[in-house]
file work_22.pdb (PDB, C-alpha atoms and all ligand atoms)
ATOM      1  CA  MET A   1     174.187 134.198  -9.790
ATOM      2  CA  HIS A   2     175.369 131.867 -12.500
ATOM      3  CA  PHE A   3     174.893 128.103 -12.532
ATOM      4  CA  GLN A   4     176.605 125.600 -14.734
ATOM      5  CA  TRP A   5     174.670 122.531 -15.845
ATOM      6  CA  TYR A   6     175.621 119.606 -17.986
ATOM      7  CA  PRO A   7     172.941 119.087 -20.630
ATOM      8  CA  GLY A   8     174.471 115.760 -21.701
ATOM      9  CA  HIS A   9     173.932 114.235 -18.266
ATOM     10  CA  MET A  10     170.503 115.741 -18.007
ATOM     11  CA  THR A  11     169.366 114.316 -21.324
ATOM     12  CA  LYS A  12     170.695 110.886 -20.401
ATOM     13  CA  ALA A  13     169.061 110.992 -16.976
ATOM     14  CA  LYS A  14     165.762 111.988 -18.516
ATOM     15  CA  ARG A  15     165.885 109.222 -21.096
ATOM     16  CA  GLN A  16     166.703 106.680 -18.391
ATOM     17  CA  MET A  17     163.788 107.891 -16.336
ATOM     18  CA  GLN A  18     161.405 107.626 -19.276
ATOM     19  CA  GLU A  19     162.434 103.972 -19.560
ATOM     20  CA  ASP A  20     162.197 103.286 -15.823
ATOM     21  CA  ILE A  21     158.798 104.915 -15.510
ATOM     22  CA  LYS A  22     157.366 102.379 -17.950
ATOM     23  CA  LEU A  23     158.111  99.664 -15.394
ATOM     24  CA  ILE A  24     156.278 101.176 -12.469
ATOM     25  CA  ASP A  25     152.811 101.957 -11.135
ATOM     26  CA  LEU A  26     153.674 104.760  -8.739
ATOM     27  CA  VAL A  27     156.098 107.702  -8.712
ATOM     28  CA  ILE A  28     157.381 108.605  -5.239
ATOM     29  CA  GLU A  29     158.651 112.165  -5.591
ATOM     30  CA  LEU A  30     160.742 113.680  -2.829
ATOM     31  CA  VAL A  31     160.671 117.440  -2.421
ATOM     32  CA  ASP A  32     162.366 119.581   0.205
ATOM     33  CA  ALA A  33     159.695 120.722   2.671
ATOM     34  CA  ARG A  34     161.470 124.077   3.100
ATOM     35  CA  ILE A  35     161.043 124.881  -0.619
ATOM     36  CA  PRO A  36     158.513 122.404  -2.012
ATOM     37  CA  LEU A  37     158.032 124.027  -5.403
ATOM     38  CA  SER A  38     161.557 125.274  -6.026
ATOM     39  CA  SER A  39     162.896 121.777  -5.294
ATOM     40  CA  ARG A  40     160.670 120.166  -7.932
ATOM     41  CA  ASN A  41     161.181 119.808 -11.621
ATOM     42  CA  PRO A  42     157.722 120.111 -13.193
ATOM     43  CA  ASP A  43     158.863 117.822 -16.062
ATOM     44  CA  ILE A  44     157.978 114.953 -13.746
ATOM     45  CA  ASP A  45     154.299 115.814 -14.201
ATOM     46  CA  GLU A  46     154.636 115.016 -17.913
ATOM     47  CA  LEU A  47     156.911 111.997 -17.356
ATOM     48  CA  GLY A  48     154.619 110.480 -14.732
ATOM     49  CA  LYS A  49     151.269 111.557 -16.081
ATOM     50  CA  HIS A  50     149.661 108.103 -16.241
ATOM     51  CA  LYS A  51     151.054 106.940 -12.917
ATOM     52  CA  ALA A  52     149.849 107.164  -9.351
ATOM     53  CA  ARG A  53     151.696 110.008  -7.622
ATOM     54  CA  LEU A  54     152.981 110.340  -4.094
ATOM     55  CA  ILE A  55     154.827 113.439  -2.902
ATOM     56  CA  LEU A  56     157.005 113.124   0.185
ATOM     57  CA  LEU A  57     157.673 116.424   1.927
ATOM     58  CA  ASN A  58     161.135 115.460   3.107
ATOM     59  CA  LYS A  59     163.311 117.242   5.686
ATOM     60  CA  SER A  60     160.035 118.286   7.278
ATOM     61  CA  ASP A  61     161.936 118.259  10.584
ATOM     62  CA  LEU A  62     163.720 121.424   9.378
ATOM     63  CA  ALA A  63     160.614 123.147   8.004
ATOM     64  CA  ASP A  64     157.868 125.202   9.620
ATOM     65  CA  PRO A  65     155.183 122.782  10.940
ATOM     66  CA  LYS A  66     152.380 125.168   9.978
ATOM     67  CA  GLN A  67     153.696 125.404   6.417
ATOM     68  CA  ASN A  68     154.131 121.620   6.238
ATOM     69  CA  GLU A  69     150.379 121.378   6.759
ATOM     70  CA  ALA A  70     149.675 124.127   4.221
ATOM     71  CA  TRP A  71     151.864 122.432   1.598
ATOM     72  CA  SER A  72     150.283 119.028   2.262
ATOM     73  CA  ALA A  73     146.863 120.562   1.658
ATOM     74  CA  TYR A  74     148.140 122.318  -1.478
ATOM     75  CA  PHE A  75     149.526 119.163  -3.092
ATOM     76  CA  LYS A  76     146.472 117.127  -2.078
ATOM     77  CA  SER A  77     144.282 119.721  -3.787
ATOM     78  CA  LYS A  78     146.342 119.068  -6.936
ATOM     79  CA  GLY A  79     145.554 115.355  -6.801
ATOM     80  CA  PHE A  80     148.751 114.032  -5.195
ATOM     81  CA  PHE A  81     148.973 111.749  -2.225
ATOM     82  CA  VAL A  82     151.218 113.444   0.335
ATOM     83  CA  VAL A  83     153.157 112.387   3.440
ATOM     84  CA  LYS A  84     155.583 114.603   5.353
ATOM     85  CA  ILE A  85     158.673 112.787   6.532
ATOM     86  CA  ASP A  86     162.172 112.878   7.930
ATOM     87  CA  ALA A  87     163.823 110.299   5.672
ATOM     88  CA  ARG A  88     166.342 109.396   8.374
ATOM     89  CA  ARG A  89     163.635 108.092  10.665
ATOM     90  CA  ARG A  90     161.358 105.107  10.378
ATOM     91  CA  ASN A  91     158.228 106.666  11.972
ATOM     92  CA  GLU A  92     156.177 107.333   8.870
ATOM     93  CA  MET A  93     157.213 104.230   6.962
ATOM     94  CA  LYS A  94     154.067 102.276   7.847
ATOM     95  CA  THR A  95     151.928 105.248   6.781
ATOM     96  CA  ILE A  96     153.791 105.410   3.479
ATOM     97  CA  GLN A  97     153.197 101.722   2.804
ATOM     98  CA  ASN A  98     149.490 102.225   3.389
ATOM     99  CA  VAL A  99     149.346 105.337   1.221
ATOM    100  CA  ILE A 100     151.142 103.490  -1.598
ATOM    101  CA  LEU A 101     148.442 100.828  -1.582
ATOM    102  CA  GLU A 102     145.731 103.479  -1.458
ATOM    103  CA  ALA A 103     147.322 105.377  -4.355
ATOM    104  CA  CYS A 104     147.476 102.163  -6.397
ATOM    105  CA  SER A 105     144.044 100.876  -5.410
ATOM    106  CA  GLU A 106     142.708 101.134  -8.967
ATOM    107  CA  LYS A 107     145.484  98.929 -10.315
ATOM    108  CA  ILE A 108     145.058  96.446  -7.470
ATOM    109  CA  GLU A 109     141.332  96.294  -8.160
ATOM    110  CA  ARG A 110     141.925  95.834 -11.900
ATOM    111  CA  ASP A 111     144.311  92.949 -11.178
ATOM    112  CA  ARG A 112     141.784  91.392  -8.827
ATOM    113  CA  LYS A 113     139.019  91.497 -11.454
ATOM    114  CA  ARG A 114     141.323  89.805 -13.923
ATOM    115  CA  GLY A 115     142.035  87.102 -11.404
ATOM    116  CA  ILE A 116     145.622  88.225 -10.858
ATOM    117  CA  LYS A 117     146.518  87.806  -7.221
ATOM    118  CA  ASN A 118     149.400  89.171  -5.211
ATOM    119  CA  ARG A 119     151.130  91.080  -7.941
ATOM    120  CA  PRO A 120     153.105  93.693  -6.035
ATOM    121  CA  VAL A 121     152.784  97.343  -6.996
ATOM    122  CA  ARG A 122     156.006  98.806  -8.244
ATOM    123  CA  ALA A 123     157.334 102.216  -7.378
ATOM    124  CA  MET A 124     160.358 104.394  -8.041
ATOM    125  CA  VAL A 125     161.831 107.288  -6.106
ATOM    126  CA  VAL A 126     162.642 110.539  -7.905
ATOM    127  CA  GLY A 127     163.877 113.991  -6.916
ATOM    128  CA  ILE A 128     166.567 116.627  -7.355
ATOM    129  CA  PRO A 129     170.072 115.968  -5.962
ATOM    130  CA  ASN A 130     170.474 116.089  -2.187
ATOM    131  CA  VAL A 131     166.752 115.985  -1.461
ATOM    132  CA  GLY A 132     167.183 112.715   0.478
ATOM    133  CA  LYS A 133     166.474 109.962  -2.067
ATOM    134  CA  SER A 134     169.212 107.538  -0.959
ATOM    135  CA  THR A 135     168.489 108.163   2.704
ATOM    136  CA  PHE A 136     164.827 107.443   2.104
ATOM    137  CA  ILE A 137     165.466 104.243   0.162
ATOM    138  CA  ASN A 138     167.797 103.006   2.912
ATOM    139  CA  THR A 139     165.404 103.812   5.722
ATOM    140  CA  PHE A 140     162.318 102.634   3.907
ATOM    141  CA  ALA A 141     163.753  99.451   2.513
ATOM    142  CA  GLY A 142     165.957  98.736   5.504
ATOM    143  CA  LYS A 143     168.510  95.979   5.639
ATOM    144  CA  ALA A 144     166.029  93.181   5.965
ATOM    145  CA  CYS A 145     164.566  93.667   2.512
ATOM    146  CA  ALA A 146     165.550  91.168  -0.092
ATOM    147  CA  LYS A 147     166.758  92.494  -3.396
ATOM    148  CA  THR A 148     165.215  90.673  -6.295
ATOM    149  CA  GLY A 149     167.501  90.032  -9.233
ATOM    150  CA  ASN A 150     166.925  90.345 -12.925
ATOM    151  CA  LYS A 151     163.610  88.904 -13.799
ATOM    152  CA  PRO A 152     162.416  87.882 -17.239
ATOM    153  CA  GLY A 153     160.753  90.819 -18.888
ATOM    154  CA  VAL A 154     162.562  93.326 -16.743
ATOM    155  CA  THR A 155     165.322  95.496 -18.146
ATOM    156  CA  LYS A 156     168.674  93.908 -17.514
ATOM    157  CA  GLY A 157     170.432  95.243 -14.475
ATOM    158  CA  LYS A 158     167.325  96.559 -12.780
ATOM    159  CA  GLN A 159     167.186  95.708  -9.120
ATOM    160  CA  TRP A 160     163.923  95.648  -7.256
ATOM    161  CA  ILE A 161     163.753  95.900  -3.527
ATOM    162  CA  ARG A 162     160.889  93.886  -2.149
ATOM    163  CA  LEU A 163     159.398  95.833   0.768
ATOM    164  CA  ASN A 164     156.695  93.320   1.548
ATOM    165  CA  LYS A 165     154.432  91.093  -0.458
ATOM    166  CA  ASN A 166     152.573  94.118  -1.811
ATOM    167  CA  VAL A 167     155.256  96.612  -2.752
ATOM    168  CA  GLU A 168     158.486  96.630  -4.758
ATOM    169  CA  LEU A 169     160.815  99.576  -5.153
ATOM    170  CA  LEU A 170     163.317 100.234  -7.926
ATOM    171  CA  ASP A 171     166.649 100.414  -6.110
ATOM    172  CA  THR A 172     168.112 103.345  -8.060
ATOM    173  CA  PRO A 173     166.376 106.687  -7.744
ATOM    174  CA  GLY A 174     165.594 108.898 -10.713
ATOM    175  CA  ILE A 175     167.454 112.183 -10.644
ATOM    176  CA  LEU A 176     165.638 115.322 -11.652
ATOM    177  CA  TRP A 177     167.474 118.578 -12.092
ATOM    178  CA  PRO A 178     166.176 121.730 -10.485
ATOM    179  CA  LYS A 179     164.639 124.318 -12.721
ATOM    180  CA  PHE A 180     165.686 127.906 -12.355
ATOM    181  CA  ASP A 181     162.662 129.692 -13.739
ATOM    182  CA  ASP A 182     163.539 132.769 -11.780
ATOM    183  CA  GLN A 183     166.171 134.194  -9.520
ATOM    184  CA  MET A 184     164.200 133.445  -6.355
ATOM    185  CA  VAL A 185     164.178 129.741  -7.202
ATOM    186  CA  GLY A 186     167.978 129.827  -7.574
ATOM    187  CA  LEU A 187     168.296 131.709  -4.298
ATOM    188  CA  ARG A 188     166.145 129.197  -2.394
ATOM    189  CA  LEU A 189     168.077 126.249  -3.820
ATOM    190  CA  ALA A 190     171.333 127.938  -2.824
ATOM    191  CA  LEU A 191     170.050 128.569   0.700
ATOM    192  CA  ILE A 192     169.160 124.929   1.372
ATOM    193  CA  GLY A 193     172.566 123.868   0.023
ATOM    194  CA  SER A 194     171.515 122.404  -3.326
ATOM    195  CA  ILE A 195     174.130 124.357  -5.238
ATOM    196  CA  LYS A 196     177.843 123.966  -4.600
ATOM    197  CA  ASP A 197     178.906 126.624  -2.128
ATOM    198  CA  GLU A 198     182.149 127.186  -4.059
ATOM    199  CA  ILE A 199     180.243 128.889  -6.838
ATOM    200  CA  LEU A 200     178.161 131.013  -4.491
ATOM    201  CA  ASN A 201     178.785 134.281  -2.776
ATOM    202  CA  ILE A 202     178.067 133.282   0.826
ATOM    203  CA  ASP A 203     178.160 136.872   2.103
ATOM    204  CA  GLU A 204     175.451 137.884  -0.315
ATOM    205  CA  LEU A 205     173.497 134.702   0.346
ATOM    206  CA  SER A 206     173.462 135.374   4.097
ATOM    207  CA  LEU A 207     172.135 138.897   3.532
ATOM    208  CA  ASN A 208     169.340 137.438   1.392
ATOM    209  CA  LEU A 209     168.548 134.965   4.151
ATOM    210  CA  ILE A 210     168.495 137.673   6.807
ATOM    211  CA  GLU A 211     166.099 139.700   4.676
ATOM    212  CA  LEU A 212     163.773 136.713   4.221
ATOM    213  CA  LEU A 213     163.824 135.937   7.943
ATOM    214  CA  GLN A 214     163.113 139.572   8.848
ATOM    215  CA  LYS A 215     160.115 139.427   6.555
ATOM    216  CA  TYR A 216     158.645 135.987   7.252
ATOM    217  CA  TYR A 217     159.970 134.987  10.668
ATOM    218  CA  PRO A 218     160.273 138.211  12.666
ATOM    219  CA  GLY A 219     161.883 137.661  16.061
ATOM    220  CA  MET A 220     163.851 134.586  15.074
ATOM    221  CA  LEU A 221     167.188 136.306  14.460
ATOM    222  CA  ARG A 222     166.721 138.353  17.603
ATOM    223  CA  SER A 223     166.182 135.297  19.746
ATOM    224  CA  ARG A 224     169.047 133.333  18.169
ATOM    225  CA  TYR A 225     171.711 136.066  17.995
ATOM    226  CA  GLU A 226     170.444 138.786  20.328
ATOM    227  CA  VAL A 227     170.589 141.308  17.515
ATOM    228  CA  ASP A 228     168.400 144.288  16.733
ATOM    229  CA  GLU A 229     166.430 143.042  13.758
ATOM    230  CA  ASP A 230     164.985 146.364  12.706
ATOM    231  CA  GLN A 231     167.928 147.508  10.653
ATOM    232  CA  GLU A 232     169.589 146.798   7.335
ATOM    233  CA  PRO A 233     170.578 143.136   6.807
ATOM    234  CA  VAL A 234     174.243 144.108   6.654
ATOM    235  CA  LYS A 235     173.933 145.706  10.107
ATOM    236  CA  VAL A 236     172.231 142.580  11.430
ATOM    237  CA  LEU A 237     175.120 140.539  10.034
ATOM    238  CA  GLU A 238     177.635 142.888  11.631
ATOM    239  CA  GLN A 239     175.965 142.561  15.042
ATOM    240  CA  THR A 240     175.824 138.797  14.632
ATOM    241  CA  ALA A 241     179.578 138.810  13.958
ATOM    242  CA  VAL A 242     180.172 140.721  17.166
ATOM    243  CA  ARG A 243     177.815 138.540  19.245
ATOM    244  CA  ARG A 244     179.401 135.355  17.925
ATOM    245  CA  ASN A 245     182.962 136.545  18.227
ATOM    246  CA  CYS A 246     183.606 136.570  14.492
ATOM    247  CA  ILE A 247     186.316 139.200  14.720
ATOM    248  CA  GLN A 248     189.323 139.674  12.488
ATOM    249  CA  LYS A 249     192.591 141.600  12.710
ATOM    250  CA  GLY A 250     192.215 145.186  13.796
ATOM    251  CA  ASN A 251     189.188 144.246  15.892
ATOM    252  CA  GLU A 252     186.944 144.382  12.825
ATOM    253  CA  PRO A 253     183.829 142.226  12.450
ATOM    254  CA  ASP A 254     184.511 139.263  10.158
ATOM    255  CA  TYR A 255     181.490 139.405   7.869
ATOM    256  CA  SER A 256     182.362 136.301   5.882
ATOM    257  CA  LYS A 257     182.762 134.171   8.967
ATOM    258  CA  ALA A 258     179.453 135.417  10.342
ATOM    259  CA  ALA A 259     177.809 134.832   6.957
ATOM    260  CA  SER A 260     178.944 131.179   6.902
ATOM    261  CA  LEU A 261     177.777 130.740  10.464
ATOM    262  CA  VAL A 262     174.288 132.085   9.746
ATOM    263  CA  ILE A 263     173.943 129.920   6.611
ATOM    264  CA  ASP A 264     175.177 126.821   8.472
ATOM    265  CA  GLU A 265     172.840 127.401  11.370
ATOM    266  CA  PHE A 266     169.934 127.883   9.009
ATOM    267  CA  ARG A 267     170.678 124.677   7.080
ATOM    268  CA  SER A 268     171.024 122.600  10.217
ATOM    269  CA  GLY A 269     167.798 123.966  11.684
ATOM    270  CA  ARG A 270     169.478 125.718  14.604
ATOM    271  CA  ILE A 271     167.918 129.093  13.785
ATOM    272  CA  GLY A 272     164.518 127.465  13.804
ATOM    273  CA  LYS A 273     162.038 125.495  11.751
ATOM    274  CA  ILE A 274     161.837 127.622   8.646
ATOM    275  CA  THR A 275     160.053 127.356   5.306
ATOM    276  CA  LEU A 276     161.224 129.676   2.553
ATOM    277  CA  GLU A 277     158.296 129.578   0.155
ATOM    278  CA  PHE A 278     154.585 129.431   0.636
ATOM    279  CA  PRO A 279     151.825 127.669  -1.262
ATOM    280  CA  PRO A 280     150.198 129.739  -3.976
ATOM    281  CA  VAL A 281     146.624 130.550  -3.078
ATOM    282  CA  THR A 282     144.445 127.998  -4.850
ATOM    283  CA  ASP A 283     140.933 128.588  -6.078
TER
HETATM  284  P1  LIG A 301     170.055 112.282  -2.493
HETATM  285  O1  LIG A 301     171.116 113.006  -3.263
HETATM  286  O2  LIG A 301     168.677 112.765  -2.917
HETATM  287  O3  LIG A 301     170.165 110.794  -2.524
HETATM  288  O4  LIG A 301     170.183 112.778  -0.960
HETATM  289  P2  LIG A 301     170.828 112.000   0.296
HETATM  290  O5  LIG A 301     169.976 110.844   0.685
HETATM  291  O6  LIG A 301     172.260 111.745   0.019
HETATM  292  O7  LIG A 301     170.666 113.109   1.451
HETATM  293  C1  LIG A 301     171.358 114.346   1.421
HETATM  294  C2  LIG A 301     171.597 114.847   2.839
HETATM  295  O8  LIG A 301     170.359 115.190   3.467
HETATM  296  C3  LIG A 301     172.258 113.817   3.748
HETATM  297  O9  LIG A 301     173.207 114.505   4.541
HETATM  298  C4  LIG A 301     171.116 113.299   4.601
HETATM  299  O10 LIG A 301     171.532 112.860   5.875
HETATM  300  C5  LIG A 301     170.240 114.526   4.726
HETATM  301  N1  LIG A 301     168.821 114.187   4.917
HETATM  302  C6  LIG A 301     168.081 113.346   4.148
HETATM  303  N2  LIG A 301     166.809 113.325   4.578
HETATM  304  C7  LIG A 301     166.734 114.175   5.636
HETATM  305  C8  LIG A 301     165.656 114.597   6.490
HETATM  306  O11 LIG A 301     164.477 114.217   6.358
HETATM  307  N3  LIG A 301     165.969 115.510   7.458
HETATM  308  C9  LIG A 301     167.211 116.007   7.617
HETATM  309  N4  LIG A 301     167.411 116.891   8.597
HETATM  310  N5  LIG A 301     168.245 115.623   6.837
HETATM  311  C10 LIG A 301     168.011 114.722   5.855
END
call {"tool": "encode", "arguments": {"input": "work_22.pdb", "output": "structure tokens"}}
result
Amino acid sequence: MHFQWYPGHMTKAKRQMQEDIKLIDLVIELVDARIPLSSRNPDIDELGKHKARLILLNKSDLADPKQNEAWSAYFKSKGFFVVKIDARRRNEMKTIQNVILEACSEKIERDRKRGIKNRPVRAMVVGIPNVGKSTFINTFAGKACAKTGNKPGVTKGKQWIRLNKNVELLDTPGILWPKFDDQMVGLRLALIGSIKDEILNIDELSLNLIELLQKYYPGMLRSRYEVDEDQEPVKVLEQTAVRRNCIQKGNEPDYSKAASLVIDEFRSGRIGKITLEFPPVTD
């Protein structure tokens, strides 16, 4: 697989983020709960090294509940605060507000000792494209939140969203680019839809997915498509085509149509709640 990136944009985005990070106390990093490491860019650890850190396992509604717990424990063991969420829903928003205050307790305490009262903690949202940053900001900030304008001492044009008297959020998220250290990372990003489908081979991608599901979620393809799982991925795809009426001229199975269907049903969670990578064993 080959991916085209635009270094100019990346450099600019990184420089912007370096500037923005100076203004905040806490980095709220969204990752995709189905591929929590592959959907991170580890550069953020350097960029945000003196800041409080909160990781949101987003799209947790699509991921394996057992693995959501395992990943939460993993990131907590690395010193992050962690909350699993579905950015489209408001349920965890109260929890997040509380965790933000907990994560920034040292700063709040420092302010208090200096006699500074009610200075809100400031946060910014970061993550790779399509991870749910805008959705999260909309849900979290809601319509009721007042936007504060340019304040003295704040970079011109920066908008802060006041969540409550304790927390302010930078209204534009920081965009990180995914990092393709290895082919598996690229494959996982492609599977969750982070790479334009036009530049992917969907047939091949679906065979990779089938192989991963056979290995990590045995029984899932059988129960969704009534196929015999214990055969080559291409045979599983062929049976899926037949079961789902993906047939082309000459009564032949339409592999491409079946491939798109399997990928779509995976991405929308219809095959099941699936996580595609697992926390490294920590010592
Ligand atoms: P951004 O590029 O990081 O700002 O991502 P967006 O906020 O535009 O979200 C990308 C897509 O993911 C949209 O179609 C959202 O509706 C969807 N999305 C965001 N968060 C969630 C979530 O927690 N669960 C699910 N199922 N979909 C989500």
call {"tool": "residues_near_ligand", "arguments": {"input": "work_22.pdb", "ligand": "ligand LIG 301 (chain A)", "cutoff": "7 Å", "atoms": "all atoms listed in the file", "output": "ChimeraX atom specification"}}
result
/A:58-62,85-88,127-136,268
call {"tool": "closest_residue", "arguments": {"input": "work_22.pdb", "among": "A:Asn41, A:Thr95, A:Ser105, A:Gln159", "to": "Phe140 (chain A)", "atoms": "only C-alpha atoms"}}
result
A:Thr95
call {"tool": "residues_around", "arguments": {"input": "work_22.pdb", "residues": "Val242 (chain A)", "least_positions_apart": "6", "cutoff": "10 Å", "atoms": "all atoms listed in the file", "output": "list in words"}}
result
Tyr225, Val227, Val236, Asn251, Glu252, Pro253, Asp254, Tyr255 and Ala258 of chain A
call {"tool": "residues_around", "arguments": {"input": "work_22.pdb", "residues": "Thr172 (chain A)", "least_positions_apart": "4", "cutoff": "10 Å", "atoms": "all atoms listed in the file", "output": "list in words"}}
result
Asp20, Met124, Val125, Val126, Lys133, Ser134, Ile137, Lys158, Gln159, Trp160 and Ile161 of chain A
call {"tool": "write_last_selection", "arguments": {"input": "work_22.pdb", "atoms": "C-alpha atoms", "output": "mmCIF file, in the frame of the given file"}}
result
data_model
loop_
_atom_site.group_PDB
_atom_site.id
_atom_site.type_symbol
_atom_site.label_atom_id
_atom_site.label_comp_id
_atom_site.auth_asym_id
_atom_site.auth_seq_id
_atom_site.Cartn_x
_atom_site.Cartn_y
_atom_site.Cartn_z
ATOM 1 C CA ASP A 20 162.197 103.286 -15.823
ATOM 2 C CA MET A 124 160.358 104.394 -8.041
ATOM 3 C CA VAL A 125 161.831 107.288 -6.106
ATOM 4 C CA VAL A 126 162.642 110.539 -7.905
ATOM 5 C CA LYS A 133 166.474 109.962 -2.067
ATOM 6 C CA SER A 134 169.212 107.538 -0.959
ATOM 7 C CA ILE A 137 165.466 104.243 0.162
ATOM 8 C CA LYS A 158 167.325 96.559 -12.780
ATOM 9 C CA GLN A 159 167.186 95.708 -9.120
ATOM 10 C CA TRP A 160 163.923 95.648 -7.256
ATOM 11 C CA ILE A 161 163.753 95.900 -3.527
#
call {"tool": "resolve_selection", "arguments": {"input": "work_22.pdb", "expression": "the PyMOL selection byres (((chain A and resi 32) around 7) and not hetatm)", "output": "number ranges by chain"}}
result
A: 30-31, 33-36, 39, 57-59, 131
call {"tool": "write_last_selection", "arguments": {"input": "work_22.pdb", "atoms": "C-alpha atoms", "output": "PDB file, in the frame of the given file"}}
result
ATOM      1  CA  LEU A  30     160.742 113.680  -2.829  1.00  0.00           C
ATOM      2  CA  VAL A  31     160.671 117.440  -2.421  1.00  0.00           C
ATOM      3  CA  ALA A  33     159.695 120.722   2.671  1.00  0.00           C
ATOM      4  CA  ARG A  34     161.470 124.077   3.100  1.00  0.00           C
ATOM      5  CA  ILE A  35     161.043 124.881  -0.619  1.00  0.00           C
ATOM      6  CA  PRO A  36     158.513 122.404  -2.012  1.00  0.00           C
ATOM      7  CA  SER A  39     162.896 121.777  -5.294  1.00  0.00           C
ATOM      8  CA  LEU A  57     157.673 116.424   1.927  1.00  0.00           C
ATOM      9  CA  ASN A  58     161.135 115.460   3.107  1.00  0.00           C
ATOM     10  CA  LYS A  59     163.311 117.242   5.686  1.00  0.00           C
ATOM     11  CA  VAL A 131     166.752 115.985  -1.461  1.00  0.00           C
TER      12      VAL A 131
END
